[in-house]
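So this one's upload.cif, mmCIF, C-alpha atoms:
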data_input
loop_
_atom_site.label_atom_id
_atom_site.label_comp_id
_atom_site.auth_asym_id
_atom_site.auth_seq_id
_atom_site.Cartn_x
_atom_site.Cartn_y
_atom_site.Cartn_z
CA MET X 9 -152.95 14.95 -53.13
CA ALA X 10 -151.94 14.34 -56.73
CA GLU X 11 -150.48 17.37 -58.44
CA GLU X 12 -151.50 17.96 -62.00
CA VAL X 13 -148.93 20.03 -63.85
CA LYS X 14 -149.19 20.77 -67.56
CA LEU X 15 -146.88 22.82 -69.72
CA PHE X 16 -148.10 24.21 -73.04
CA GLY X 17 -145.06 25.00 -75.13
CA THR X 18 -143.25 24.63 -78.42
CA TRP X 19 -140.07 22.67 -78.96
CA ALA X 20 -138.13 25.57 -80.48
CA SER X 21 -139.13 28.31 -78.05
CA PRO X 22 -136.52 29.35 -75.48
CA PHE X 23 -139.32 30.67 -73.27
CA SER X 24 -141.00 27.29 -73.22
CA ARG X 25 -137.66 25.51 -72.59
CA ARG X 26 -137.02 27.76 -69.58
CA ILE X 27 -140.01 26.27 -67.85
CA GLU X 28 -138.83 22.74 -68.59
CA VAL X 29 -135.49 23.54 -66.92
CA ALA X 30 -137.18 24.85 -63.80
CA LEU X 31 -139.61 21.94 -63.49
CA LYS X 32 -136.83 19.40 -64.01
CA LEU X 33 -134.54 21.15 -61.50
CA LYS X 34 -137.33 20.79 -58.96
CA GLY X 35 -138.13 17.23 -59.98
CA VAL X 36 -141.74 18.14 -60.78
CA GLN X 37 -143.57 15.66 -62.98
CA PHE X 38 -145.47 17.36 -65.74
CA GLU X 39 -147.39 16.69 -68.90
CA TYR X 40 -145.99 18.51 -71.91
CA ILE X 41 -148.34 19.66 -74.64
CA GLU X 42 -146.75 20.75 -77.92
CA GLU X 43 -148.66 23.63 -79.46
CA ASN X 44 -148.91 24.40 -83.15
CA LEU X 45 -148.67 28.18 -83.20
CA SER X 46 -150.40 28.47 -86.55
CA ASN X 47 -153.31 26.49 -85.16
CA LYS X 48 -153.54 27.21 -81.46
CA SER X 49 -155.50 24.79 -79.35
CA PRO X 50 -158.76 25.84 -77.66
CA ALA X 51 -157.06 24.97 -74.37
CA LEU X 52 -154.24 27.46 -74.96
CA LEU X 53 -156.67 30.19 -75.96
CA GLU X 54 -158.69 29.49 -72.84
CA TYR X 55 -155.65 29.44 -70.53
CA ASN X 56 -153.97 32.53 -72.00
CA PRO X 57 -156.72 34.65 -73.51
CA VAL X 58 -154.77 37.89 -73.03
CA HIS X 59 -151.64 37.05 -75.04
CA LYS X 60 -152.56 33.69 -76.64
CA LYS X 61 -148.93 32.68 -76.29
CA ILE X 62 -146.83 29.86 -74.93
CA PRO X 63 -145.51 28.93 -72.47
CA VAL X 64 -148.45 28.48 -70.13
CA LEU X 65 -148.13 26.41 -66.99
CA VAL X 66 -151.37 24.91 -65.73
CA HIS X 67 -151.19 23.74 -62.13
CA ASN X 68 -154.21 21.85 -60.87
CA GLY X 69 -156.29 23.55 -63.55
CA LYS X 70 -155.04 27.08 -62.84
CA PRO X 71 -153.00 28.78 -65.57
CA VAL X 72 -149.89 30.95 -65.21
CA ALA X 73 -148.48 32.79 -68.23
CA GLU X 74 -145.29 34.76 -69.07
CA SER X 75 -142.10 32.76 -68.65
CA LEU X 76 -140.44 34.84 -65.92
CA VAL X 77 -143.71 34.98 -63.96
CA ILE X 78 -144.00 31.20 -64.33
CA LEU X 79 -140.42 30.70 -63.11
CA GLU X 80 -141.14 32.70 -59.96
CA TYR X 81 -144.37 30.77 -59.43
CA ILE X 82 -142.52 27.46 -59.73
CA ASP X 83 -139.86 28.66 -57.30
CA GLU X 84 -142.46 29.75 -54.73
CA THR X 85 -144.58 26.62 -55.06
CA TRP X 86 -141.83 23.96 -55.05
CA LYS X 87 -139.36 25.44 -52.61
CA HIS X 88 -136.48 22.94 -52.78
CA ASN X 89 -133.54 23.58 -55.17
CA PRO X 90 -134.30 27.31 -55.20
CA ILE X 91 -133.84 29.25 -58.43
CA LEU X 92 -133.97 32.71 -56.89
CA PRO X 93 -131.92 33.95 -53.94
CA THR X 94 -133.73 34.50 -50.63
CA ASP X 95 -132.11 37.85 -49.91
CA PRO X 96 -134.36 40.64 -51.29
CA TYR X 97 -131.43 42.60 -52.73
CA GLU X 98 -129.91 39.57 -54.49
CA LYS X 99 -133.40 38.72 -55.74
CA ALA X 100 -133.83 42.23 -57.16
CA ILE X 101 -130.49 41.90 -58.97
CA ALA X 102 -131.52 38.53 -60.44
CA ARG X 103 -134.85 39.98 -61.63
CA PHE X 104 -133.00 42.96 -63.14
CA TRP X 105 -130.73 40.74 -65.26
CA ALA X 106 -133.50 38.41 -66.38
CA LYS X 107 -135.47 41.47 -67.49
CA TYR X 108 -132.37 42.83 -69.24
CA ILE X 109 -132.08 39.58 -71.19
CA ASP X 110 -135.74 39.70 -72.23
CA ASP X 111 -135.94 43.44 -72.94
CA LYS X 112 -132.58 43.89 -74.67
CA LEU X 113 -130.91 40.65 -75.74
CA TRP X 114 -134.02 38.92 -77.08
CA PRO X 115 -135.14 41.74 -79.44
CA ALA X 116 -131.55 42.17 -80.66
CA ALA X 117 -131.20 38.43 -81.21
CA THR X 118 -134.37 38.24 -83.29
CA LYS X 119 -133.35 41.35 -85.24
CA VAL X 120 -129.92 39.98 -86.14
CA LEU X 121 -131.57 37.02 -87.83
CA VAL X 122 -133.72 39.12 -90.14
CA SER X 123 -131.45 42.06 -90.87
CA LYS X 124 -128.77 42.32 -93.52
CA GLY X 125 -125.61 44.22 -94.35
CA GLU X 126 -124.90 47.34 -92.33
CA GLU X 127 -127.98 46.95 -90.15
CA GLN X 128 -126.99 43.43 -89.23
CA LYS X 129 -123.48 44.59 -88.42
CA GLY X 130 -124.93 47.25 -86.14
CA VAL X 131 -127.16 44.81 -84.30
CA THR X 132 -124.31 42.32 -83.95
CA GLU X 133 -122.24 45.01 -82.27
CA GLU X 134 -125.17 45.79 -80.01
CA ILE X 135 -125.39 42.14 -78.97
CA GLN X 136 -121.69 42.05 -78.27
CA GLU X 137 -122.07 45.08 -75.99
CA GLN X 138 -124.90 43.34 -74.18
CA LEU X 139 -122.87 40.15 -73.76
CA LYS X 140 -120.01 42.21 -72.37
CA THR X 141 -122.42 43.78 -69.87
CA LEU X 142 -123.73 40.36 -68.86
CA GLU X 143 -120.20 39.00 -68.57
CA SER X 144 -119.30 41.68 -66.03
CA GLU X 145 -122.17 40.49 -63.86
CA LEU X 146 -120.75 36.96 -63.60
CA LYS X 147 -117.95 38.26 -61.36
CA GLY X 148 -116.04 35.01 -60.91
CA LYS X 149 -119.12 32.91 -60.14
CA LYS X 150 -119.73 29.55 -61.77
CA PHE X 151 -123.21 30.59 -62.76
CA PHE X 152 -125.20 33.81 -62.41
CA GLY X 153 -127.00 31.90 -59.67
CA GLY X 154 -123.74 31.10 -57.86
CA GLU X 155 -122.71 27.47 -57.45
CA SER X 156 -125.70 26.17 -59.38
CA LEU X 157 -128.06 27.32 -62.12
CA GLY X 158 -130.37 30.10 -61.15
CA PHE X 159 -133.03 32.43 -62.50
CA VAL X 160 -130.67 34.44 -64.72
CA ASP X 161 -128.91 31.35 -66.11
CA ILE X 162 -132.28 29.90 -67.08
CA ALA X 163 -133.36 33.19 -68.67
CA ALA X 164 -130.02 33.32 -70.52
CA ASN X 165 -130.94 30.18 -72.47
CA ILE X 166 -131.68 32.65 -75.27
CA ILE X 167 -127.92 32.76 -75.87
CA VAL X 168 -127.95 29.06 -76.75
CA PHE X 169 -130.66 29.69 -79.31
CA LEU X 170 -128.79 32.66 -80.73
CA LEU X 171 -125.61 30.64 -81.23
CA VAL X 172 -127.44 27.81 -82.99
CA ALA X 173 -129.15 30.35 -85.22
CA GLN X 174 -125.83 31.97 -86.07
CA GLU X 175 -124.39 28.65 -87.06
CA ALA X 176 -127.43 27.73 -89.13
CA LEU X 177 -127.36 31.00 -91.06
CA GLY X 178 -123.61 31.17 -91.48
CA LEU X 179 -123.39 34.35 -89.45
CA MET X 180 -120.32 35.63 -87.68
CA GLU X 181 -119.81 33.87 -84.39
CA ILE X 182 -120.69 36.22 -81.58
CA LEU X 183 -119.67 34.47 -78.37
CA THR X 184 -116.01 33.74 -79.05
CA GLU X 185 -113.56 32.69 -76.38
CA GLU X 186 -111.21 35.52 -77.40
CA GLN X 187 -113.77 38.24 -76.93
CA PHE X 188 -115.64 36.79 -73.97
CA PRO X 189 -113.35 34.46 -72.01
CA VAL X 190 -115.48 34.47 -68.88
CA LEU X 191 -118.87 34.24 -70.55
CA HIS X 192 -117.62 31.55 -72.91
CA GLU X 193 -116.59 29.40 -69.94
CA TRP X 194 -119.96 29.97 -68.29
CA TYR X 195 -121.66 29.02 -71.52
CA GLN X 196 -119.79 25.68 -71.65
CA ARG X 197 -120.83 24.99 -68.07
CA LEU X 198 -124.44 25.86 -68.87
CA VAL X 199 -124.77 23.59 -71.89
CA ASP X 200 -122.99 20.78 -70.02
CA ASP X 201 -125.30 20.98 -67.04
CA ALA X 202 -127.19 17.71 -66.64
CA VAL X 203 -130.62 19.29 -66.39
CA PHE X 204 -130.11 22.17 -68.80
CA LYS X 205 -128.88 20.00 -71.64
CA GLU X 206 -132.08 17.96 -71.56
CA CYS X 207 -134.00 21.14 -72.23
CA VAL X 208 -132.50 22.43 -75.46
CA PRO X 209 -133.98 21.60 -78.84
CA PRO X 210 -132.34 18.66 -80.64
CA ARG X 211 -129.43 20.24 -82.49
CA GLU X 212 -129.91 19.08 -86.07
CA ARG X 213 -133.61 19.78 -85.98
CA HIS X 214 -132.92 23.20 -84.46
CA LEU X 215 -130.36 24.09 -87.13
CA GLY X 216 -132.88 23.05 -89.75
CA PHE X 217 -135.57 25.17 -88.11
CA PHE X 218 -133.46 28.34 -88.38
CA LYS X 219 -132.41 27.61 -91.94
CA VAL X 220 -136.01 27.22 -93.01
CA ARG X 221 -137.34 30.16 -91.02
CA PHE X 222 -134.63 32.75 -91.54
CA GLY X 223 -132.29 31.44 -94.19
CA SER X 224 -132.01 32.90 -97.67
CA SER X 225 -130.13 31.84 -100.74
CA THR X 226 -127.52 34.54 -100.14
CA ALA X 227 -126.24 34.33 -96.57
CA SER X 228 -125.06 37.65 -95.13
CA LYS X 229 -121.58 37.77 -93.61
CA MET Z 136 -129.63 51.47 -37.49
CA ALA Z 137 -131.62 53.92 -39.55
CA ASP Z 138 -132.24 52.97 -43.17
CA GLU Z 139 -130.92 55.41 -45.71
CA ILE Z 140 -133.27 55.56 -48.68
CA ILE Z 141 -132.71 57.77 -51.72
CA LEU Z 142 -134.97 57.88 -54.77
CA LEU Z 143 -133.56 59.18 -58.05
CA ASP Z 144 -136.59 60.27 -60.02
CA PHE Z 145 -138.05 62.64 -62.61
CA TRP Z 146 -141.24 64.35 -61.55
CA PRO Z 147 -143.60 63.40 -64.46
CA SER Z 148 -142.41 59.79 -64.65
CA MET Z 149 -145.23 57.35 -64.00
CA PHE Z 150 -142.54 54.79 -63.23
CA GLY Z 151 -140.95 56.95 -60.56
CA MET Z 152 -144.40 57.60 -59.12
CA ARG Z 153 -144.88 53.86 -58.60
CA VAL Z 154 -141.91 53.86 -56.24
CA ARG Z 155 -143.23 56.96 -54.45
CA VAL Z 156 -146.55 55.21 -53.85
CA ALA Z 157 -144.86 52.06 -52.55
CA LEU Z 158 -142.61 54.02 -50.18
CA ALA Z 159 -145.61 56.00 -48.94
CA GLU Z 160 -147.67 52.85 -48.41
CA LYS Z 161 -144.90 51.53 -46.19
CA GLY Z 162 -144.59 54.84 -44.36
CA LEU Z 163 -140.91 55.16 -45.25
CA LYS Z 164 -138.86 58.32 -45.04
CA TYR Z 165 -136.58 58.93 -48.00
CA GLU Z 166 -134.59 61.57 -49.81
CA TYR Z 167 -136.07 62.49 -53.18
CA LYS Z 168 -133.56 63.59 -55.79
CA GLU Z 169 -134.89 65.16 -58.97
CA GLU Z 170 -132.89 64.22 -62.06
CA ASP Z 171 -132.51 66.39 -65.13
CA LEU Z 172 -132.70 63.75 -67.84
CA ARG Z 173 -130.84 65.98 -70.31
CA ASN Z 174 -128.01 66.27 -67.81
CA LYS Z 175 -127.92 63.09 -65.77
CA SER Z 176 -126.12 63.24 -62.46
CA PRO Z 177 -122.91 61.26 -61.81
CA LEU Z 178 -124.86 59.48 -59.08
CA LEU Z 179 -127.50 58.24 -61.53
CA LEU Z 180 -124.86 57.11 -64.02
CA GLU Z 181 -123.03 55.30 -61.24
CA MET Z 182 -126.14 53.68 -59.75
CA ASN Z 183 -127.72 52.64 -63.05
CA PRO Z 184 -124.83 52.25 -65.49
CA VAL Z 185 -126.70 49.72 -67.61
CA HIS Z 186 -129.78 51.77 -68.48
CA LYS Z 187 -128.95 55.23 -67.09
CA LYS Z 188 -132.65 55.63 -66.31
CA ILE Z 189 -134.83 56.61 -63.41
CA PRO Z 190 -136.27 55.53 -61.07
CA VAL Z 191 -133.40 54.18 -59.02
CA LEU Z 192 -133.83 53.35 -55.36
CA ILE Z 193 -130.65 53.51 -53.31
CA HIS Z 194 -131.04 51.60 -50.04
CA ASN Z 195 -128.10 51.94 -47.67
CA GLY Z 196 -125.89 52.70 -50.66
CA LYS Z 197 -127.07 49.78 -52.83
CA PRO Z 198 -129.01 50.56 -56.02
CA ILE Z 199 -132.13 48.83 -57.28
CA CYS Z 200 -133.41 49.66 -60.77
CA GLU Z 201 -136.60 49.09 -62.81
CA SER Z 202 -139.78 50.34 -61.15
CA LEU Z 203 -141.62 47.04 -60.68
CA ILE Z 204 -138.46 45.38 -59.40
CA ILE Z 205 -138.03 48.26 -56.95
CA VAL Z 206 -141.66 47.96 -55.77
CA GLN Z 207 -141.23 44.23 -55.16
CA TYR Z 208 -137.98 44.90 -53.31
CA ILE Z 209 -139.69 47.44 -51.07
CA ASP Z 210 -142.51 44.98 -50.45
CA GLU Z 211 -140.08 42.21 -49.51
CA VAL Z 212 -137.81 44.27 -47.26
CA TRP Z 213 -140.58 46.07 -45.38
CA LYS Z 214 -142.89 43.11 -45.36
CA ASP Z 215 -144.65 43.75 -42.08
CA LYS Z 216 -146.56 46.79 -43.23
CA ALA Z 217 -149.16 47.17 -46.02
CA PRO Z 218 -148.20 44.13 -48.13
CA LEU Z 219 -148.53 44.89 -51.83
CA LEU Z 220 -148.24 41.34 -53.13
CA PRO Z 221 -150.48 38.55 -51.86
CA SER Z 222 -148.90 35.68 -49.94
CA ASP Z 223 -150.38 32.90 -52.08
CA PRO Z 224 -148.03 31.97 -54.98
CA TYR Z 225 -150.86 31.72 -57.54
CA GLN Z 226 -152.28 35.14 -56.58
CA ARG Z 227 -148.75 36.55 -56.72
CA ALA Z 228 -148.30 35.12 -60.22
CA GLN Z 229 -151.56 36.75 -61.33
CA ALA Z 230 -150.47 40.10 -59.85
CA ARG Z 231 -147.09 39.88 -61.61
CA PHE Z 232 -148.78 38.92 -64.87
CA TRP Z 233 -151.06 41.96 -64.82
CA ALA Z 234 -148.31 44.35 -63.72
CA ASP Z 235 -146.23 43.02 -66.64
CA TYR Z 236 -149.25 43.62 -68.92
CA VAL Z 237 -149.47 47.23 -67.72
CA ASP Z 238 -145.78 47.67 -68.61
CA LYS Z 239 -146.13 46.09 -72.03
CA LYS Z 240 -149.25 47.62 -73.48
CA PRO Z 241 -150.72 50.79 -72.03
CA TYR Z 242 -147.42 52.64 -71.74
CA GLU Z 243 -146.37 52.30 -75.38
CA LEU Z 244 -149.89 53.02 -76.59
CA GLY Z 245 -150.21 56.07 -74.36
CA ARG Z 246 -146.97 57.41 -75.73
CA LYS Z 247 -148.25 56.96 -79.28
CA ILE Z 248 -151.44 58.80 -78.41
CA TRP Z 249 -149.62 62.02 -77.52
CA SER Z 250 -146.73 61.74 -79.97
CA THR Z 251 -148.41 60.70 -83.22
CA LYS Z 252 -151.14 61.89 -85.55
CA GLY Z 253 -153.65 60.56 -88.01
CA GLU Z 254 -154.10 56.86 -88.43
CA GLU Z 255 -151.28 55.85 -86.11
CA GLN Z 256 -152.86 57.89 -83.34
CA GLU Z 257 -156.35 56.52 -84.03
CA THR Z 258 -155.09 52.96 -83.85
CA ALA Z 259 -153.23 53.68 -80.62
CA LYS Z 260 -156.36 55.20 -79.08
CA LYS Z 261 -158.48 52.21 -79.99
CA GLU Z 262 -155.94 49.71 -78.68
CA PHE Z 263 -155.41 51.77 -75.53
CA ILE Z 264 -159.11 51.68 -74.71
CA GLU Z 265 -159.16 47.93 -75.38
CA CYS Z 266 -156.32 47.49 -72.87
CA LEU Z 267 -158.08 49.56 -70.26
CA LYS Z 268 -161.29 47.58 -70.81
CA LEU Z 269 -159.36 44.36 -70.30
CA LEU Z 270 -157.96 45.77 -67.08
CA GLU Z 271 -161.47 46.81 -66.05
CA GLY Z 272 -162.54 43.22 -66.55
CA GLU Z 273 -159.72 42.04 -64.33
CA LEU Z 274 -160.73 44.54 -61.65
CA GLY Z 275 -164.30 43.27 -61.77
CA GLU Z 276 -166.31 44.19 -58.72
CA LYS Z 277 -163.31 44.48 -56.43
CA PRO Z 278 -162.55 47.92 -54.99
CA TYR Z 279 -158.89 47.47 -55.93
CA PHE Z 280 -156.90 45.05 -58.09
CA GLY Z 281 -155.37 43.93 -54.80
CA GLY Z 282 -158.82 43.17 -53.38
CA GLU Z 283 -159.86 45.12 -50.31
CA LYS Z 284 -156.60 47.04 -50.22
CA ILE Z 285 -154.33 48.45 -52.90
CA GLY Z 286 -151.79 46.00 -54.23
CA PHE Z 287 -149.05 45.54 -56.78
CA VAL Z 288 -151.23 45.98 -59.86
CA ASP Z 289 -152.91 49.07 -58.41
CA VAL Z 290 -149.48 50.63 -57.85
CA ALA Z 291 -148.37 49.63 -61.36
CA LEU Z 292 -151.40 51.17 -63.07
CA VAL Z 293 -152.67 54.08 -61.00
CA THR Z 294 -149.68 56.27 -61.80
CA PHE Z 295 -150.80 56.36 -65.46
CA SER Z 296 -153.98 58.10 -64.37
CA CYS Z 297 -152.33 61.49 -63.97
CA TRP Z 298 -151.35 61.20 -67.65
CA PHE Z 299 -154.94 60.49 -68.76
CA HIS Z 300 -155.83 64.16 -69.07
CA ALA Z 301 -152.87 64.64 -71.46
CA TYR Z 302 -153.85 61.54 -73.47
CA GLU Z 303 -157.47 62.72 -73.69
CA SER Z 304 -156.53 66.24 -74.65
CA PHE Z 305 -154.02 65.37 -77.37
CA GLY Z 306 -155.96 62.31 -78.49
CA ASN Z 307 -159.28 64.09 -78.44
CA PHE Z 308 -161.25 61.41 -76.65
CA SER Z 309 -162.70 60.66 -73.23
CA ILE Z 310 -161.33 57.76 -71.24
CA GLU Z 311 -164.11 58.05 -68.66
CA ALA Z 312 -166.78 57.66 -71.34
CA GLU Z 313 -165.24 54.36 -72.42
CA CYS Z 314 -164.00 53.05 -69.08
CA PRO Z 315 -166.09 54.52 -66.26
CA LYS Z 316 -165.26 51.70 -63.84
CA LEU Z 317 -161.55 52.25 -64.28
CA ILE Z 318 -161.89 55.99 -63.70
CA ALA Z 319 -163.95 55.25 -60.60
CA TRP Z 320 -161.10 53.02 -59.45
CA THR Z 321 -158.54 55.81 -60.02
CA LYS Z 322 -160.66 58.18 -57.91
CA ARG Z 323 -160.90 55.56 -55.18
CA CYS Z 324 -157.11 55.18 -55.20
CA MET Z 325 -156.64 58.95 -55.07
CA GLU Z 326 -158.56 59.00 -51.79
CA LYS Z 327 -155.52 57.35 -50.28
CA GLU Z 328 -152.80 59.69 -49.07
CA SER Z 329 -150.04 57.41 -50.41
CA VAL Z 330 -151.43 57.80 -53.92
CA SER Z 331 -152.57 61.44 -53.89
CA SER Z 332 -149.25 62.60 -52.43
CA SER Z 333 -147.26 60.65 -55.04
CA LEU Z 334 -149.07 61.43 -58.28
CA GLU Z 335 -148.52 64.67 -60.12
CA ASP Z 336 -151.17 67.21 -61.05
CA PRO Z 337 -152.62 66.17 -64.42
CA HIS Z 338 -152.44 69.77 -65.64
CA LYS Z 339 -148.75 69.95 -64.87
CA VAL Z 340 -148.27 66.67 -66.76
CA HIS Z 341 -150.28 68.11 -69.64
CA GLY Z 342 -147.92 71.09 -69.75
CA PHE Z 343 -144.93 68.78 -69.74
CA VAL Z 344 -146.34 66.70 -72.63
CA MET Z 345 -147.13 69.90 -74.55
CA GLY Z 346 -143.46 70.82 -74.19
CA MET Z 347 -142.40 67.40 -75.50
CA ARG Z 348 -144.76 67.72 -78.47
CA LYS Z 349 -143.27 71.09 -79.33
CA LYS Z 350 -139.79 69.56 -79.22
CA LEU Z 351 -140.91 66.75 -81.49
CA GLY Z 352 -142.43 69.29 -83.85
CA ILE Z 353 -145.97 68.04 -83.40
CA GLU Z 354 -147.37 71.22 -81.84
#

Could you quickly redo this structure as structure tokens?
Amino acid sequence: MAEEVKLFGTWASPFSRRIEVALKLKGVQFEYIEENLSNKSPALLEYNPVHKKIPVLVHNGKPVAESLVILEYIDETWKHNPILPTDPYEKAIARFWAKYIDDKLWPAATKVLVSKGEEQKGVTEEIQEQLKTLESELKGKKFFGGESLGFVDIAANIIVFLLVAQEALGLMEILTEEQFPVLHEWYQRLVDDAVFKECVPPRERHLGFFKVRFGSSTASK
Amino acid sequence: MADEIILLDFWPSMFGMRVRVALAEKGLKYEYKEEDLRNKSPLLLEMNPVHKKIPVLIHNGKPICESLIIVQYIDEVWKDKAPLLPSDPYQRAQARFWADYVDKKPYELGRKIWSTKGEEQETAKKEFIECLKLLEGELGEKPYFGGEKIGFVDVALVTFSCWFHAYESFGNFSIEAECPKLIAWTKRCMEKESVSSSLEDPHKVHGFVMGMRKKLGIE
């Protein structure tokens, strides 16, 4: 039976890129549809009427929305190269950290790009606290998922986007080797991973995207 | 070997109630520990150092945090009784999607209904009803979101129902008038011992919210 897998996404969205990582890790062939968020396609609106957002995975005509929900769906449908642990406790821990990234790191990351002066300094410190918390969870493992990329590593792709944004806007570098020796090493491993590195936006284009979207004539330091 | 299960909770928390329902559905014995959120116990701070929030489930000494994560954990460990999530991956994805929706929208809106006034409150009321209507649509003609039996989404949402009286009172509106099917569903859920024994008395919750409003200077 031929599988039909479609991914509605946008090239600069970390949430969309997460799904690409998972599908590629599992070797699932899929059709990618680039959405224009200022002119959403009828298909997207039909497949995700509740939130009208990307990413949406459509598998044999049936849509799944919300990136972490999609990741779990992918893991349960294509069982080889598992992303989540099988042990219920380990699974709960993985879900906890992915949620932490989405509930805490993501809002802080978006805020740091639009805030200035004292507020920006405050949010930057917040992010550093969060990175420290995440770092303590690594506990000597190569990846959050252990020997290979897992659910939390994929969710943590937001960090890649944050670092590119920082560079584009001339902001203070957050993930330095001095401050985060362990996380910094993990980060290098993540961006070097054969599958992961195929699923990040092209660098120059990405830098340009942040400059246009968030840049101003006076960069905050 | 007997399982040791402890639940760190706060009586009016709709999130804590979700865990109570799940534990009751599975027929599990556990120790309930009431937390004073103004004076959090060393145990809570140790078991949930990241968020310092309830509920926390401690299973044989190991903590699990975040209510929906706890409910899934319970469902996966005690999988032979009263399954809360379906076995089909697509149905599971739909259940997770709607439980996530319940976390994202109704909770924040409900909070705005009892803690704000004027236009902000009116907007929150309108959006809250829209959310409930969407959920009603998802329920459709099924007795429960889980189908013939209560499932993950039922557990995620039903615990809000004991807060409805407070929302209606402080928001000056009737949820039943707008969403009769949803209220019928809450009554159906309350017929189950696992739900009725886990949810708090709406009048008690009302009193609690009144106290919060006074503290915020709204009353």

Residues near region 204-214 of chain Z, cut-off 6 Å, only C-alpha atoms, skip fewer than 3 positions along chain, as a PyMOL selection string: (chain X and resi 96) or (chain Z and resi 154+199+201)

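Checking Z:Asn307, Z:Ser202, Z:Asn195, Z:Gln229 one by one against Lys70 (chain X), counting all atoms listed in the file, you find the shortest gap at Z:Gln229.
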
Which chain X residues are at most 10 Å from chain Z (counting only C-alpha atoms), as a ChimeraX atom specification? /X:58-59,67,70-85,95-104,107-108,138,141-142

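Here the PyMOL selection byres ((chain Z and resi 328) around 12) matches the residues Arg155, Val156, Ala157, Leu158, Ala159, Glu160, Lys161, Gly162, Ile285, Lys322, Arg323, Cys324, Met325, Glu326, Lys327, Ser329, Val330, Ser331, Ser332, Ser333 and Leu334 of chain Z.
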
Using only C-alpha atoms, which protein or nucleic acid residues come within 6 Å of region 202-211 of chain X? Drop anything in the same chain fewer than 5 positions from it, and give the result as a PyMOL selection string. chain X and resi 20+25+29

Any chance you can output those residues with C-alpha atoms as a compact mmCIF listing (two decimals), in the frame of the given file?
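part25.txt, written as the output of this step:
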# COMPACT_ATOMS: atom_id res chain seq x y z
CA ALA X 20 -138.13 25.57 -80.48
CA ARG X 25 -137.66 25.51 -72.59
CA VAL X 29 -135.49 23.54 -66.92

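The two atoms in question, CA of Asn47 (chain X) and CA of Leu215 (chain X), are spaced 23.2 Å apart.
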
Considering only C-alpha atoms, return as a ChimeraX atom specification whatever protein or nucleic-acid residues lie within 12 Å of Ala137 (chain Z), sequence-local ones (same chain, fewer than 2 positions apart) excluded. /Z:139-140,163-165,194-195

So that I can see what lies close to Leu177 (chain X), please list as an NGL selection string the residues with an atom at most 8 Å from it, counting all atoms listed in the file and leaving out residues fewer than 4 positions away in the same chain. :X and (173 or 218-219 or 222-223 or 227)

Could you jot down the CA of Lys277 (chain Z) to CA of Glu54 (chain X) separation for me, Å, one decimal place? 22.7 Å

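Separating CA of Gly158 (chain X) from CA of Pro63 (chain X) is a distance of 18.9 Å.
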
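Counting all atoms listed in the file, the residue from X:Gly216, X:Gly17, X:Pro90, X:Pro189 that sits nearest to Val64 (chain X) is X:Gly17.
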
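Selection result for the displayed file, with the PyMOL selection byres ((chain Z and resi 337-353) around 10) as criterion, is Trp146, Pro147, Ser148, Arg246, Trp249, Ser250, Thr251, Lys252, Ser296, Cys297, Trp298, Phe299, His300, Ala301, Tyr302, Glu303, Ser304, Phe305, Leu334, Glu335, Asp336 and Glu354 of chain Z.
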
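Near Gly69 (chain X), within 9 Å and counting only C-alpha atoms, sit Glu12, Val13, Lys14 and Val66 of chain X; same-chain residues fewer than 3 positions away were not included.
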
Hey, what comes out of the PyMOL selection byres ((chain X and resi 179-184) around 10) on this file? Could you write it as a tab-separated table (two decimals) with C-alpha atoms, in the coordinates of the input?
chain	number	residue	atom	x	y	z
X	120	VAL	CA	-129.92	39.98	-86.14
X	121	LEU	CA	-131.57	37.02	-87.83
X	128	GLN	CA	-126.99	43.43	-89.23
X	129	LYS	CA	-123.48	44.59	-88.42
X	132	THR	CA	-124.31	42.32	-83.95
X	133	GLU	CA	-122.24	45.01	-82.27
X	135	ILE	CA	-125.39	42.14	-78.97
X	136	GLN	CA	-121.69	42.05	-78.27
X	139	LEU	CA	-122.87	40.15	-73.76
X	140	LYS	CA	-120.01	42.21	-72.37
X	167	ILE	CA	-127.92	32.76	-75.87
X	170	LEU	CA	-128.79	32.66	-80.73
X	171	LEU	CA	-125.61	30.64	-81.23
X	172	VAL	CA	-127.44	27.81	-82.99
X	173	ALA	CA	-129.15	30.35	-85.22
X	174	GLN	CA	-125.83	31.97	-86.07
X	175	GLU	CA	-124.39	28.65	-87.06
X	176	ALA	CA	-127.43	27.73	-89.13
X	177	LEU	CA	-127.36	31.00	-91.06
X	178	GLY	CA	-123.61	31.17	-91.48
X	185	GLU	CA	-113.56	32.69	-76.38
X	186	GLU	CA	-111.21	35.52	-77.40
X	187	GLN	CA	-113.77	38.24	-76.93
X	188	PHE	CA	-115.64	36.79	-73.97
X	189	PRO	CA	-113.35	34.46	-72.01
X	191	LEU	CA	-118.87	34.24	-70.55
X	192	HIS	CA	-117.62	31.55	-72.91
X	195	TYR	CA	-121.66	29.02	-71.52
X	227	ALA	CA	-126.24	34.33	-96.57
X	228	SER	CA	-125.06	37.65	-95.13
X	229	LYS	CA	-121.58	37.77	-93.61

Taking (-158.3, 38.5, -52.6) in the file's own coordinates, collect the residues within 8 Å, counting only C-alpha atoms, and hand them back as a ChimeraX atom specification. /Z:221,226,281-283

Could you save those same residues with C-alpha atoms as a PDB file, keeping the file's coordinate frame?
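out27.pdb, freshly written:
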ATOM      1  CA  PRO Z 221    -150.480  38.550 -51.860  1.00  0.00           C
ATOM      2  CA  GLN Z 226    -152.280  35.140 -56.580  1.00  0.00           C
ATOM      3  CA  GLY Z 281    -155.370  43.930 -54.800  1.00  0.00           C
ATOM      4  CA  GLY Z 282    -158.820  43.170 -53.380  1.00  0.00           C
ATOM      5  CA  GLU Z 283    -159.860  45.120 -50.310  1.00  0.00           C
TER       6      GLU Z 283
END
